[in-house]
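Undergrad: One file is attached below, run_32.txt, containing compact mmCIF, C-alpha atoms.
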# COMPACT_ATOMS: atom_id res chain seq x y z
CA MET A 1 1.63 7.06 1.82
CA LEU A 2 5.21 7.75 2.91
CA SER A 3 5.75 4.08 3.63
CA GLU A 4 4.42 0.89 2.15
CA PRO A 5 1.13 -0.47 3.44
CA ARG A 6 1.51 -3.73 5.33
CA SER A 7 -0.12 -5.57 2.42
CA GLY A 8 2.52 -4.11 0.12
CA ARG A 9 5.36 -5.36 2.28
CA LEU A 10 3.81 -8.82 2.52
CA ALA A 11 3.21 -9.05 -1.21
CA ALA A 12 6.63 -7.73 -2.20
CA TRP A 13 8.69 -9.84 0.18
CA GLY A 14 6.36 -12.80 -0.20
CA ASN A 15 7.04 -12.67 -3.93
CA ALA A 16 10.79 -12.40 -3.35
CA LEU A 17 10.56 -15.48 -1.13
CA LEU A 18 8.63 -17.38 -3.80
CA ALA A 19 11.32 -16.44 -6.33
CA GLY A 20 14.05 -17.78 -4.03
CA LEU A 21 15.70 -14.36 -3.78
CA VAL A 22 15.44 -14.09 0.02
CA SER A 23 15.27 -16.54 2.90
CA PRO A 24 12.10 -17.07 4.96
CA ASP A 25 13.70 -15.23 7.88
CA GLU A 26 14.64 -12.26 5.69
CA ALA A 27 11.15 -12.08 4.21
CA VAL A 28 9.38 -12.22 7.57
CA LEU A 29 11.72 -9.63 9.09
CA ALA A 30 10.98 -7.22 6.25
CA ILE A 31 7.22 -7.86 6.38
CA VAL A 32 6.97 -7.32 10.14
CA GLY A 33 9.07 -4.14 10.00
CA ASP A 34 8.58 -2.05 13.14
CA ASP A 35 5.63 -4.12 14.36
CA ALA A 36 6.03 -6.51 17.26
CA VAL A 37 4.63 -9.64 15.65
CA HIS A 38 2.51 -10.84 12.72
CA ARG A 39 0.45 -14.02 12.84
CA VAL A 40 -2.03 -15.69 10.49
CA GLU A 41 -5.49 -16.97 11.42
CA GLY A 42 -7.77 -19.24 9.40
CA LEU A 43 -4.98 -21.03 7.55
CA PRO A 44 -6.26 -24.31 6.05
CA GLY A 45 -5.19 -27.27 8.14
CA GLU A 46 -4.31 -25.19 11.19
CA GLU A 47 -6.29 -24.39 14.31
CA GLY A 48 -5.77 -20.97 15.83
CA GLN A 49 -3.01 -18.57 14.84
CA VAL A 50 0.34 -19.50 13.30
CA GLY A 51 3.51 -17.62 12.48
CA LEU A 52 4.17 -15.95 9.14
CA THR A 53 6.95 -18.35 8.17
CA LEU A 54 4.69 -21.38 8.51
CA ALA A 55 1.77 -19.59 6.85
CA LEU A 56 3.70 -18.45 3.79
CA GLY A 57 5.17 -21.92 3.34
CA ARG A 58 1.79 -23.62 3.72
CA LEU A 59 0.11 -21.24 1.24
CA ARG A 60 2.88 -21.90 -1.25
CA ALA A 61 2.27 -25.65 -0.87
CA LEU A 62 -1.44 -25.00 -1.46
CA GLY A 63 -0.64 -23.43 -4.82
CA VAL A 64 -0.04 -19.72 -4.23
CA ALA A 65 2.54 -18.71 -6.85
CA GLY A 66 2.48 -14.96 -6.27
CA TRP A 67 0.91 -12.17 -4.26
CA ARG A 68 -1.05 -9.14 -5.43
CA VAL A 69 -2.08 -6.08 -3.41
CA ALA A 70 -5.54 -4.55 -3.05
CA LEU A 71 -6.06 -1.03 -1.66
CA PRO A 72 -9.84 -0.59 -1.83
CA ALA A 73 -11.79 2.51 -0.80
CA PRO A 74 -15.54 3.19 -0.68
CA GLY A 75 -16.85 3.00 -4.23
CA HIS A 76 -13.49 1.81 -5.56
CA PRO A 77 -12.70 -1.94 -5.13
CA LEU A 78 -9.12 -1.44 -6.31
CA GLY A 79 -7.31 -4.77 -6.70
CA LEU A 80 -10.17 -6.95 -5.47
CA SER A 81 -11.70 -9.90 -7.29
CA GLY A 82 -14.32 -11.18 -4.81
CA PRO A 83 -16.14 -12.88 -3.29
CA PRO A 84 -18.22 -10.26 -1.44
CA GLU A 85 -17.19 -11.54 2.00
CA PHE A 86 -13.50 -11.01 1.26
CA ASN A 87 -14.15 -7.67 -0.43
CA ALA A 88 -16.10 -6.39 2.58
CA ARG A 89 -13.34 -7.32 5.02
CA ALA A 90 -10.65 -5.83 2.76
CA LEU A 91 -12.64 -2.61 2.40
CA GLN A 92 -12.91 -2.33 6.15
CA ALA A 93 -9.13 -2.78 6.50
CA GLU A 94 -8.49 -0.62 3.39
CA GLU A 95 -5.97 -3.20 2.20
CA ALA A 96 -5.40 -6.90 1.51
CA VAL A 97 -3.17 -9.33 -0.36
CA VAL A 98 -4.62 -11.71 -2.93
CA GLY A 99 -2.98 -14.98 -3.88
CA TYR A 100 -2.18 -15.72 -7.51
CA GLY A 101 -2.44 -19.37 -8.53
CA ALA A 102 -4.70 -20.41 -5.65
CA GLY A 103 -7.85 -18.93 -4.14
CA PHE A 104 -6.53 -17.51 -0.87
CA GLY A 105 -6.22 -13.96 0.40
CA LEU A 106 -5.03 -12.27 3.57
CA VAL A 107 -6.57 -9.25 5.30
CA PRO A 108 -4.74 -7.56 8.19
CA GLU A 109 -6.26 -6.66 11.54
CA VAL A 110 -4.04 -4.33 13.58
CA TYR A 111 -3.92 -4.21 17.38
CA GLU A 112 -2.15 -1.24 18.98
CA ALA A 113 -1.30 -0.60 22.62
CA GLY A 114 0.86 2.03 24.24
CA PRO A 115 1.02 5.62 25.42
CA GLY A 116 1.62 7.34 22.09
CA ALA A 117 2.56 7.22 18.41
CA GLY A 118 6.26 6.90 19.15
CA ASP A 119 5.87 4.13 21.71
CA LEU A 120 3.24 1.76 20.35
CA HIS A 121 3.22 -2.01 20.63
CA VAL A 122 1.69 -3.24 17.37
CA GLU A 123 0.54 -6.75 16.61
CA VAL A 124 -1.03 -7.81 13.31
CA VAL A 125 -3.29 -10.77 12.65
CA TRP A 126 -3.74 -11.69 8.98
CA HIS A 127 -7.08 -13.37 8.35
CA CYS A 128 -6.83 -16.03 5.64
CA LEU A 129 -9.99 -16.16 3.53
CA PRO A 130 -11.06 -17.66 0.19
CA VAL A 131 -10.82 -15.37 -2.83
CA ARG A 132 -12.08 -15.62 -6.37
CA GLU A 133 -9.39 -16.25 -8.96
CA ALA A 134 -10.14 -13.47 -11.45
CA PRO A 135 -8.45 -10.32 -12.79
CA PRO A 136 -8.14 -7.65 -10.07
CA ALA A 137 -10.39 -4.60 -10.36
CA ASP A 138 -9.10 -1.36 -11.92
CA VAL A 139 -5.34 -2.05 -11.73
CA PRO A 140 -3.38 -0.17 -14.44
CA SER A 141 -0.19 -1.29 -16.12
CA LEU A 142 3.05 0.25 -14.86
CA GLY A 143 3.22 2.47 -17.94
CA GLU A 144 -0.33 3.70 -17.45
CA ALA A 145 0.30 4.32 -13.76
CA GLU A 146 3.44 6.33 -14.46
CA ARG A 147 1.70 8.56 -16.99
CA GLU A 148 -1.33 9.06 -14.75
CA LEU A 149 0.89 10.01 -11.80
CA ALA A 150 2.87 12.59 -13.75
CA GLU A 151 -0.31 14.21 -15.06
CA ALA A 152 -2.05 14.15 -11.66
CA LEU A 153 0.98 15.68 -9.97
CA ARG A 154 1.08 18.55 -12.45
CA GLU A 155 -2.63 19.22 -12.16
CA ALA A 156 -2.68 19.04 -8.37
CA THR A 157 0.33 21.35 -8.06
CA VAL A 158 -1.37 23.97 -10.22
CA VAL A 159 -4.65 23.79 -8.30
CA LEU A 160 -3.08 23.71 -4.84
CA THR A 161 -0.79 26.60 -5.69
CA ARG A 162 -3.80 28.62 -6.82
CA LEU A 163 -5.52 27.78 -3.51
CA ASP A 164 -2.42 28.97 -1.63
CA VAL A 165 -1.67 25.60 -0.03
CA ALA A 166 1.81 26.27 1.27
CA ALA A 167 4.04 23.31 2.09
CA SER A 168 5.73 25.26 4.86
CA GLY A 169 5.77 25.39 8.62
CA PRO A 170 7.10 22.91 11.20
CA VAL A 171 4.71 20.05 10.36
CA ALA A 172 5.43 20.23 6.63
CA GLU A 173 9.17 20.65 7.15
CA ALA A 174 9.30 17.64 9.47
CA ALA A 175 7.47 15.50 6.91
CA LEU A 176 9.75 16.64 4.10
CA ASP A 177 12.88 16.07 6.22
CA ALA A 178 11.70 12.55 7.10
CA TYR A 179 11.07 11.76 3.43
CA ARG A 180 14.50 13.08 2.38
CA ALA A 181 16.22 11.12 5.16
CA ARG A 182 14.55 7.89 4.04
CA ALA A 183 15.55 8.53 0.44
CA GLU A 184 19.16 9.39 1.33
CA ALA A 185 19.43 6.27 3.47
CA GLY A 186 18.93 4.22 0.31
CA ARG A 187 15.96 2.32 1.70
CA GLU A 188 14.78 -0.62 -0.37
CA VAL A 189 11.46 0.55 -1.77
CA LEU A 190 10.55 -2.87 -3.13
CA ALA A 191 11.89 -6.35 -2.51
CA PRO A 192 14.48 -8.01 -4.77
CA GLY A 193 13.14 -9.23 -8.11
CA TYR A 194 11.01 -6.22 -8.99
CA PRO A 195 11.65 -4.34 -12.25
CA PRO A 196 13.22 -0.86 -11.97
CA ARG A 197 10.09 0.72 -13.42
CA ALA A 198 8.01 -0.62 -10.53
CA VAL A 199 10.43 0.97 -8.05
CA ARG A 200 10.20 4.26 -9.94
CA VAL A 201 6.40 4.20 -10.00
CA LEU A 202 6.16 3.40 -6.28
CA GLU A 203 8.58 6.21 -5.38
CA LEU A 204 6.57 8.69 -7.44
CA ALA A 205 3.31 7.49 -5.86
CA GLN A 206 4.84 8.07 -2.42
CA ARG A 207 5.90 11.60 -3.38
CA VAL A 208 2.38 12.30 -4.61
CA GLY A 209 1.08 10.89 -1.33
CA LEU A 210 3.35 13.30 0.56
CA LEU A 211 1.86 16.24 -1.34
CA VAL A 212 -1.66 15.05 -0.55
CA SER A 213 -0.93 14.48 3.15
CA LEU A 214 0.61 17.95 3.48
CA ALA A 215 -2.35 19.53 1.74
CA TYR A 216 -4.75 17.79 4.13
CA ALA A 217 -2.64 18.44 7.24
CA PRO A 218 -3.75 20.98 9.87
CA ALA A 219 -2.71 24.52 8.98
CA TYR A 220 0.69 25.29 10.33
CA GLY A 221 0.02 27.42 13.37
CA THR A 222 -3.65 28.19 12.57
CA GLY A 223 -5.33 25.18 14.18
CA SER A 224 -7.47 24.64 11.08
CA ALA A 225 -8.24 21.07 10.03
CA HIS A 226 -8.14 22.03 6.37
CA GLY A 227 -4.58 23.12 5.74
CA GLY A 228 -4.27 26.69 4.56
CA ALA A 229 -7.86 26.96 3.36
CA VAL A 230 -9.69 29.98 4.78
CA SER A 231 -13.13 29.54 3.25
CA ALA A 232 -15.65 26.79 2.64
CA SER A 233 -15.28 27.20 -1.12
CA GLU A 234 -11.50 26.75 -0.91
CA MET A 235 -11.91 23.66 1.27
CA ALA A 236 -14.31 22.18 -1.27
CA ALA A 237 -11.98 23.05 -4.15
CA ARG A 238 -9.07 21.43 -2.34
CA ALA A 239 -11.00 18.23 -1.70
CA GLU A 240 -12.13 18.18 -5.33
CA ALA A 241 -8.53 18.62 -6.51
CA LEU A 242 -7.12 15.94 -4.22
CA ARG A 243 -9.74 13.24 -4.72
CA PRO A 244 -8.57 12.14 -8.19
CA VAL A 245 -4.92 12.53 -7.15
CA GLU A 246 -5.40 10.16 -4.21
CA ARG A 247 -7.12 7.66 -6.49
CA VAL A 248 -4.31 7.81 -9.04
CA ALA A 249 -1.66 7.36 -6.32
CA ARG A 250 -3.43 4.30 -4.90
CA ARG A 251 -3.77 2.78 -8.38
CA ALA A 252 -0.07 3.36 -8.98
CA GLN A 253 0.92 1.75 -5.69
CA VAL A 254 -1.08 -1.35 -6.52
CA ALA A 255 0.41 -1.49 -10.03
CA ALA A 256 3.93 -1.31 -8.59
CA PHE A 257 3.41 -4.02 -5.96
CA ASN A 258 1.63 -6.25 -8.49
CA ALA A 259 4.32 -5.90 -11.16
CA TRP A 260 6.07 -9.13 -10.12
CA VAL A 261 2.92 -11.19 -10.72
CA GLU A 262 2.10 -9.34 -13.93
CA GLU A 263 5.53 -10.23 -15.31
CA ARG A 264 4.97 -13.87 -14.43
CA GLU A 265 1.62 -13.82 -16.21
CA ARG A 266 3.30 -12.48 -19.34
CA GLY A 267 5.83 -15.28 -19.12
Render the structure in this file as structure tokens.

TA:
Amino acid sequence: MLSEPRSGRLAAWGNALLAGLVSPDEAVLAIVGDDAVHRVEGLPGEEGQVGLTLALGRLRALGVAGWRVALPAPGHPLGLSGPPEFNARALQAEEAVVGYGAGFGLVPEVYEAGPGAGDLHVEVVWHCLPVREAPPADVPSLGEAERELAEALREATVVLTRLDVAASGPVAEAALDAYRARAEAGREVLAPGYPPRAVRVLELAQRVGLLVSLAYAPAYGTGSAHGGAVSASEMAARAEALRPVERVARRAQVAAFNAWVEERERG
């Protein structure tokens, strides 16, 4: 969770484009990021795949007035509103964007090729599917998300400290250094037009995600797949401690990305 999910980038910059705060080229460049290309399949009125610029413009003409994010997990349809076909595909991808104002959604399918993580050629196809226009499932307000994150972070820190989960070693230090470098570079966490509180909530959710990823990472120098845990009971306790924290962080991410639409709904 150190960087935005692709659905988050599409929703955030798609919303900025709808608000007239960025150009189509700026929006598409930000959405694609380090990937090679993004295309859209299943767009009404088009055969085959089309580029993002055309797709976003066409969906706007079809009535999409905003984009929400869904980050579902098994047993937790976070941000989804149906129908079952769309929900199933979003659950498989673990993310999606849902149109506000018109019944269309986009689910990414990622194709990777290359020798390794640092040299991958990544292409993304967004599948355009009908969605049900209804309130998204289990999405908190920004205020609720911020309070939940602060509480979850305190609780997880206490439990993980008791379990002797040390955020040390070369893997942890590299992750922390990368996070600090991104923060110091002044990266734009959200697109223009988002309220400051949404930026704050997303940043906190990413920090919580860093804690979770370090706790789940292989032990530094031990070869264990369960961090610093040395017994089955400690592994189970760690998983139990992290499960609600992960859920809270995902809810907060969705609340932050959806804040632009929520403000529009409130007028």

Undergrad: Have a look at atom CA of A:Leu202 and atom CA of A:Val261 and let me know their distance in Å, one decimal.

TA: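 Interatomic distance here is 15.6 Å.
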
Undergrad: Neighbouring residues of A:Cys128 were defined as those with any atom within 9 Å, considering all atoms listed in the file; residues of the same chain fewer than 5 positions away were excluded. Please report them as number ranges by chain.

TA: A: 40-44, 104-107

Undergrad: In Å, how far is it from atom CA of A:Ala150 to atom CA of A:Arg197?

TA: 13.9 Å

Undergrad: In the coordinate frame of the file, compute which residues have an atom within 10 Å of (-2.8, -5.9, 11.4) when using all atoms listed in the file, and state them as a ChimeraX atom specification.

TA: /A:6-7,32,35,37-40,93,107-112,122-127

Undergrad: Can you tell me which residues surround A:Glu95 at a distance of at most 12 Å, considering all atoms listed in the file, apart from same-chain residues fewer than 6 positions away, and format the answer as a PyMOL selection string?

TA: chain A and resi 4-11+68-74+76-80+86-89+105-110+126-127+250+253-254

Undergrad: Taking all atoms of stretch 189-192 of chain A that the file lists, what box with edges along x, y and z, padded by 4 Å per side, do you get, with centre and edge lengths in Å to one decimal, as JSON?

TA:
{"center_x": 12.5, "center_y": -3.7, "center_z": -3.3, "size_x": 11.9, "size_y": 16.6, "size_z": 11.0}

Undergrad: What does the distance between atom CA of A:Gly99 and atom CA of A:Asn15 come to in Å, to one decimal place?

TA: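 Calculated distance between atom CA of A:Gly99 and atom CA of A:Asn15 is 10.3 Å.
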
Undergrad: Go through A:His121, A:Arg132, A:Arg200, A:Arg207 and flag the residue nearest A:Leu153, using all atoms listed in the file for the distances.

TA: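 Smallest distance to A:Leu153 is found for A:Arg207.
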
Undergrad: From the list A:Ala237, A:Arg247, A:Pro115, A:Ala191, which residue is nearest A:Glu26 when using all atoms listed in the file?

TA: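 Closest residue, counting all atoms listed in the file: A:Ala191.
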
Undergrad: Write out as a list in words each polymer residue whose atoms come within 8 Å of A:Pro140, counting only C-alpha atoms; drop sequence neighbours fewer than 3 positions from it.

TA: Gly143, Glu144, Ala145, Arg251, Ala252 and Ala255 of chain A

Undergrad: Which is closest to A:Leu21 among A:Ala152, A:Glu85, A:Gly51, A:Pro192, if we use all atoms listed in the file?

TA: A:Pro192

Undergrad: My list of candidates is A:Ala36, A:Val50, A:Val98, A:Leu211. Which is closest to A:Gly14 when distances are computed with only C-alpha atoms?

TA: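 The shortest atom-to-atom distance to A:Gly14 comes from A:Val98.
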
Undergrad: Tell me which protein, DNA and RNA residues are within 8 Å of A:Val212, counting all atoms listed in the file, leaving out same-chain ones fewer than 4 positions away, and put them as a PyMOL selection string.

TA: chain A and resi 208+216+242+245-246

Undergrad: With only C-alpha atoms counted, which protein, DNA or RNA residues have an atom no more than 7 Å from (-11.6, -11.5, -7.2) in the file frame? Please answer as a list in words.

TA: Leu80, Ser81, Gly82, Pro83, Val131, Arg132, Glu133, Ala134, Pro135 and Pro136 of chain A

Undergrad: Looking at A:Ser141, A:Glu155, A:Leu149, A:Gly267, which one is nearest to A:Gly209, with distances taken over all atoms listed in the file?

TA: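 Result for the nearest residue to A:Gly209: A:Leu149.
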